[in-house]
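This report refers to the structure that appears directly beneath it.
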Amino acid sequence: MARRNPSIIVGFVVTTLVLLATVCDAQLSSKFYDSTCPNALSTIRTVIRTAVSKERRMAASLIRLHFHDCFVQGCDASILLDDSSSIESEKTALQNVNSVRGYNVIGEAKTEVEKVCPGVVSCADIVAVAARDASFAVGGPSWTVNLGRRDSTTASKSEATSDLPLFTDDLDTLISRFQKKGLTARDMVTLSGAHTIGQAQCFTFRGRIYNNASDIDAGFASTRRRGCPSLNNNENDKKLAALDLVTPNSFDNNYFKNLIQKKGLLHSDQVLFSGGSTDSIVSEYSENPTTFKSDFAAAMIKMGDIQPLTGSAGIIRKICSSVN
C-alpha cells in the first residue's frame, strides 16, 4: 500500500479548513448577534413600532428603503450615505430624491443600538430588520431576517439611476431589472404588493390619470384627478395619493384586486395586469391573501440576500450616513 505524503495531507486539511471558514464568513445567520448583541432586535423593533405608530406611511417607506438599498451594490446600506468629498450619494438619484424616506428612523435605531452594543450591529442589518418590523406593524407578514451584513464604504448614484425601477417602466423592463438581481417575475409581482400601503406623488401618475387610456378605469381616473391637478408646478407635483384607496393603511391584497379593475395608480403597477405574463400571478394573489403574504415574506428574505458584504469585507459604521 502506497504511503501518502504527510505534507500533502496537511496542506489539504489546511486548505479545506480555510475554504470552510470562508464559506461560513459569507453566510448570513438569524443568530448572528445572539452572543454579541442579544438585545439588538428588540431595540430596533421598539424604534420601528414607535415610528409607524406616529405615521403609518412610514411602514411602506422602510420597506421601500430596504428594496432601494439592496438593488444598488447589494444590501450594504449604501443608500444611507450622504454626499462627501469621496461619495456621490444615492439619495440624489432620480428614483430616490424627494421620494425615499425613513433615513431618520434608521438613524434613530442605530443610535439606540449603539447605546447597548457599540460598534457591533451594521446599518445594513438595521435596514433589513426595520423592513420586517414595519411590515408586521401594519398587519403584514413577519419573517426571519438573516443577519451579518456589513456596511459599504462606497455608494453608486450611477447604479441607482440605471438599476432601480421607474414608474414609467413597462413589464419587460421590470422583469429584466429584477432578473438582474437574481429575482424572478413572481418575486417582482410579490414585492410590488407592498404598494398596498404606499403613496405616490402626483407627478408620477398625472399622465396616467389624464390621458384617457383604455387601461385605466374612467371613474377611478376622475376620482384621482381631484387630488392631482393637471397643472405642472412644484406644489402640485408633490401632492400625495394612496396607491390603494380601499385600505391604504393595511397590508393586504387589495393592491392586486385594484389592478384587475384597472385601478393601478402607477403605470408600472398596471402593467402587471395588462394581458402579459404576470396576469395569472396577480389573479392568484387577488384571490388568496395568505399565499401573497407567504410569498412576500419569502421574496423579502431572498432580496435581503443580494450581494451582502460579510466577514472582513466592509465596515460597521458608527453613524449610518457617513463612513467613519
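Chain lettering (A, B, ...) mirrors the order of the C-alpha cells, residue numbering begins at 1 for each chain separately, and ligand numbering begins at 1 in order of display.
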Checklist line | Near-Phe167 (chain A) list (10 Å; only C-alpha atoms; drop same-chain fewer than 6 positions) as a PyMOL selection string | finding: chain A and resi 95+174+200+204-205+265-269
Checklist line | Exercise: Gly182 (chain A) partners within 12 Å, only C-alpha atoms, chain neighbours under 2 positions left out, as JSON, numbers by chain | finding: {"A": [70, 71, 74, 175, 176, 177, 178, 179, 180, 184, 185, 186, 187, 188, 299, 302, 303, 304, 305, 306, 307]}
Check: Where in region 184-261 of chain A does DSSP assign strand (DSSP E or B), given as a list in words?
Finding: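 DSSP-assigned strand (DSSP E or B) residues in region 184-261 of chain A: Gln199, Ala200, Gln201, Leu240, Ala241 and Ala242 of chain A.
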Using only C-alpha atoms, which residues sit within 9 Å of Lys262 (chain A) once same-chain residues fewer than 2 positions away are excluded, as a PDB file with N, CA and C atoms, in the first residue's frame?
ATOM      1  N   SER A 214     -57.098  53.225 -22.302  1.00  0.00           N
ATOM      2  CA  SER A 214     -58.022  52.100 -22.120  1.00  0.00           C
ATOM      3  C   SER A 214     -57.647  51.212 -20.939  1.00  0.00           C
ATOM      4  N   ASP A 215     -56.454  51.413 -20.373  1.00  0.00           N
ATOM      5  CA  ASP A 215     -56.013  50.542 -19.285  1.00  0.00           C
ATOM      6  C   ASP A 215     -56.248  51.158 -17.909  1.00  0.00           C
ATOM      7  N   ILE A 216     -57.146  52.157 -17.824  1.00  0.00           N
ATOM      8  CA  ILE A 216     -57.474  52.755 -16.529  1.00  0.00           C
ATOM      9  C   ILE A 216     -58.979  52.978 -16.434  1.00  0.00           C
ATOM     10  N   ASP A 217     -59.558  52.619 -15.317  1.00  0.00           N
ATOM     11  CA  ASP A 217     -60.979  52.801 -15.074  1.00  0.00           C
ATOM     12  C   ASP A 217     -61.299  54.298 -15.064  1.00  0.00           C
ATOM     13  N   PHE A 220     -62.200  55.815 -11.691  1.00  0.00           N
ATOM     14  CA  PHE A 220     -61.001  55.859 -10.847  1.00  0.00           C
ATOM     15  C   PHE A 220     -60.125  57.052 -11.230  1.00  0.00           C
ATOM     16  N   LYS A 257     -56.342  43.317  -6.363  1.00  0.00           N
ATOM     17  CA  LYS A 257     -57.737  43.460  -6.780  1.00  0.00           C
ATOM     18  C   LYS A 257     -57.909  44.734  -7.591  1.00  0.00           C
ATOM     19  N   ASN A 258     -57.229  45.782  -7.165  1.00  0.00           N
ATOM     20  CA  ASN A 258     -57.298  47.049  -7.889  1.00  0.00           C
ATOM     21  C   ASN A 258     -56.763  46.920  -9.312  1.00  0.00           C
ATOM     22  N   LEU A 259     -55.665  46.187  -9.474  1.00  0.00           N
ATOM     23  CA  LEU A 259     -55.079  46.034 -10.811  1.00  0.00           C
ATOM     24  C   LEU A 259     -56.045  45.344 -11.764  1.00  0.00           C
ATOM     25  N   ILE A 260     -56.764  44.342 -11.274  1.00  0.00           N
ATOM     26  CA  ILE A 260     -57.724  43.619 -12.108  1.00  0.00           C
ATOM     27  C   ILE A 260     -58.862  44.535 -12.546  1.00  0.00           C
ATOM     28  N   GLY A 264     -54.881  50.549 -11.048  1.00  0.00           N
ATOM     29  CA  GLY A 264     -53.494  50.721 -10.636  1.00  0.00           C
ATOM     30  C   GLY A 264     -53.120  52.179 -10.833  1.00  0.00           C
ATOM     31  N   LEU A 265     -52.575  52.811  -9.807  1.00  0.00           N
ATOM     32  CA  LEU A 265     -52.306  54.252  -9.908  1.00  0.00           C
ATOM     33  C   LEU A 265     -51.102  54.550 -10.788  1.00  0.00           C
ATOM     34  N   GLN A 270     -49.929  48.973 -13.140  1.00  0.00           N
ATOM     35  CA  GLN A 270     -50.952  48.395 -14.009  1.00  0.00           C
ATOM     36  C   GLN A 270     -50.384  47.427 -15.034  1.00  0.00           C
ATOM     37  N   PHE A 273     -50.835  43.688 -14.695  1.00  0.00           N
ATOM     38  CA  PHE A 273     -52.074  43.043 -15.155  1.00  0.00           C
ATOM     39  C   PHE A 273     -52.557  43.773 -16.400  1.00  0.00           C
ATOM     40  N   SER A 274     -51.991  43.374 -17.526  1.00  0.00           N
ATOM     41  CA  SER A 274     -52.292  44.079 -18.784  1.00  0.00           C
ATOM     42  C   SER A 274     -52.245  43.129 -19.971  1.00  0.00           C
TER      43      SER A 274
END
Next item on the list: Write out as a count of residues only which residues come within 12 Å of Val97 (chain A) when counting only C-alpha atoms, dropping same-chain ones fewer than 3 positions away.
Entry: 15
Near-Thr46 (chain A) list (10 Å; only C-alpha atoms; drop same-chain fewer than 5 positions) as a compact mmCIF listing (two decimals) with N, CA and C atoms, in the first residue's frame:
# COMPACT_ATOMS: atom_id res chain seq x y z
N LEU A 41 -32.28 43.14 18.25
CA LEU A 41 -33.55 43.08 17.52
C LEU A 41 -34.69 43.75 18.29
N ALA A 51 -42.16 54.63 15.42
CA ALA A 51 -42.20 55.45 14.19
C ALA A 51 -43.46 55.18 13.39
N ALA A 109 -32.68 54.23 15.15
CA ALA A 109 -32.49 52.84 15.56
C ALA A 109 -31.01 52.55 15.79
N GLU A 112 -29.86 54.01 19.12
CA GLU A 112 -30.30 53.20 20.27
C GLU A 112 -29.52 51.90 20.39
N ASP A 133 -39.98 44.52 10.57
CA ASP A 133 -40.78 45.03 11.68
C ASP A 133 -41.86 45.99 11.20
Next item on the list: Compile the contact shell of Phe67 (chain A) as JSON, numbers by chain: residues with an atom at most 10 Å away, counting only C-alpha atoms, same-chain residues fewer than 4 positions apart removed.
Entry: {"A": [61, 62, 63, 71, 72, 74, 75, 127, 128, 131, 164, 191, 300, 303, 304]}
Notebook entry, point to check: For the atom pair CA of Ile319 (chain A) and CA of Glu108 (chain A), what is the interatomic distance in Å to one decimal place?
Noted result: 10.0 Å
Next item on the list: Extract, using only C-alpha atoms, all DNA, RNA and protein residues at most 8 Å from Gln73 (chain A), discarding same-chain residues fewer than 3 positions from it, and format them as a list in words.
Entry: Asp69, Cys70, Asp76, Ser78, Ala155, Ser156, Glu159 and Gln307 of chain A
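A straight line drawn from CA of Ala124 (chain A) to CA of Val145 (chain A) is 11.7 Å long.
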Item checked: In region 27-205 of chain A, DSSP alpha helix (DSSP H) residues written as a ChimeraX atom specification -> /A:40-54,57-70,103-116,123-137,157-163,171-180,185-192,202-205
Only C-alpha atoms, please: the residues just picked out, written as a CSV table (one decimal), in the first residue's frame.
chain,number,residue,atom,x,y,z
A,40,ALA,CA,-30.3,44.3,19.1
A,41,LEU,CA,-33.6,43.1,17.5
A,42,SER,CA,-35.8,44.2,20.4
A,43,THR,CA,-34.1,47.6,20.4
A,44,ILE,CA,-34.7,48.0,16.7
A,45,ARG,CA,-38.3,46.8,17.0
A,46,THR,CA,-39.2,49.4,19.6
A,47,VAL,CA,-37.9,52.2,17.4
A,48,ILE,CA,-39.8,51.0,14.4
A,49,ARG,CA,-43.1,50.4,16.2
A,50,THR,CA,-42.9,53.9,17.6
A,51,ALA,CA,-42.2,55.4,14.2
A,52,VAL,CA,-45.0,53.5,12.5
A,53,SER,CA,-47.5,54.3,15.3
A,54,LYS,CA,-46.8,58.0,14.7
A,57,ARG,CA,-47.0,55.7,5.9
A,58,MET,CA,-43.5,55.1,7.4
A,59,ALA,CA,-44.1,51.3,7.2
A,60,ALA,CA,-44.1,51.4,3.4
A,61,SER,CA,-41.2,53.8,3.4
A,62,LEU,CA,-39.0,51.5,5.4
A,63,ILE,CA,-39.8,48.5,3.2
A,64,ARG,CA,-39.0,50.6,0.1
A,65,LEU,CA,-35.8,51.8,1.7
A,66,HIS,CA,-34.6,48.2,2.1
A,67,PHE,CA,-35.6,47.5,-1.5
A,68,HIS,CA,-33.7,50.5,-2.9
A,69,ASP,CA,-30.7,49.7,-0.8
A,70,CYS,CA,-30.4,46.0,-2.0
A,103,TYR,CA,-33.4,57.7,6.9
A,104,ASN,CA,-34.1,59.4,10.2
A,105,VAL,CA,-35.8,56.3,11.6
A,106,ILE,CA,-32.8,54.1,10.7
A,107,GLY,CA,-30.5,56.7,12.2
A,108,GLU,CA,-32.5,56.6,15.4
A,109,ALA,CA,-32.5,52.8,15.6
A,110,LYS,CA,-28.7,52.9,15.1
A,111,THR,CA,-28.3,55.4,17.9
A,112,GLU,CA,-30.3,53.2,20.3
A,113,VAL,CA,-28.5,50.0,19.3
A,114,GLU,CA,-25.1,51.8,19.7
A,115,LYS,CA,-26.1,52.5,23.3
A,116,VAL,CA,-26.4,48.8,24.1
A,123,CYS,CA,-26.6,49.8,9.4
A,124,ALA,CA,-27.3,47.3,6.6
A,125,ASP,CA,-28.8,44.8,9.1
A,126,ILE,CA,-30.8,47.5,10.8
A,127,VAL,CA,-32.4,48.4,7.4
A,128,ALA,CA,-33.3,44.7,6.8
A,129,VAL,CA,-34.8,44.3,10.3
A,130,ALA,CA,-36.7,47.6,10.1
A,131,ALA,CA,-38.4,46.4,6.9
A,132,ARG,CA,-39.6,43.2,8.5
A,133,ASP,CA,-40.8,45.0,11.7
A,134,ALA,CA,-42.5,47.7,9.6
A,135,SER,CA,-44.4,45.1,7.6
A,136,PHE,CA,-45.6,43.3,10.8
A,137,ALA,CA,-46.6,46.6,12.4
A,157,LYS,CA,-25.6,57.1,-7.8
A,158,SER,CA,-25.0,55.8,-11.3
A,159,GLU,CA,-26.1,52.3,-10.4
A,160,ALA,CA,-29.1,53.6,-8.6
A,161,THR,CA,-30.1,55.6,-11.7
A,162,SER,CA,-29.6,52.7,-14.0
A,163,ASP,CA,-30.9,49.8,-11.9
A,171,LEU,CA,-43.5,44.9,-17.9
A,172,ASP,CA,-40.4,43.5,-19.8
A,173,THR,CA,-38.2,46.2,-18.3
A,174,LEU,CA,-39.4,45.5,-14.8
A,175,ILE,CA,-38.8,41.7,-15.2
A,176,SER,CA,-35.4,42.4,-16.6
A,177,ARG,CA,-34.4,44.7,-13.7
A,178,PHE,CA,-35.4,42.1,-11.1
A,179,GLN,CA,-33.8,39.2,-13.0
A,180,LYS,CA,-30.6,41.2,-13.0
A,185,ALA,CA,-41.0,37.7,-12.3
A,186,ARG,CA,-43.1,36.2,-9.5
A,187,ASP,CA,-40.8,37.8,-6.9
A,188,MET,CA,-41.3,41.2,-8.7
A,189,VAL,CA,-45.1,40.9,-8.6
A,190,THR,CA,-44.9,39.8,-5.0
A,191,LEU,CA,-42.7,42.6,-3.8
A,192,SER,CA,-44.8,45.2,-5.8
A,202,CYS,CA,-48.8,63.5,-8.3
A,203,PHE,CA,-46.1,63.8,-10.9
A,204,THR,CA,-45.6,60.1,-11.1
A,205,PHE,CA,-49.2,59.3,-12.1
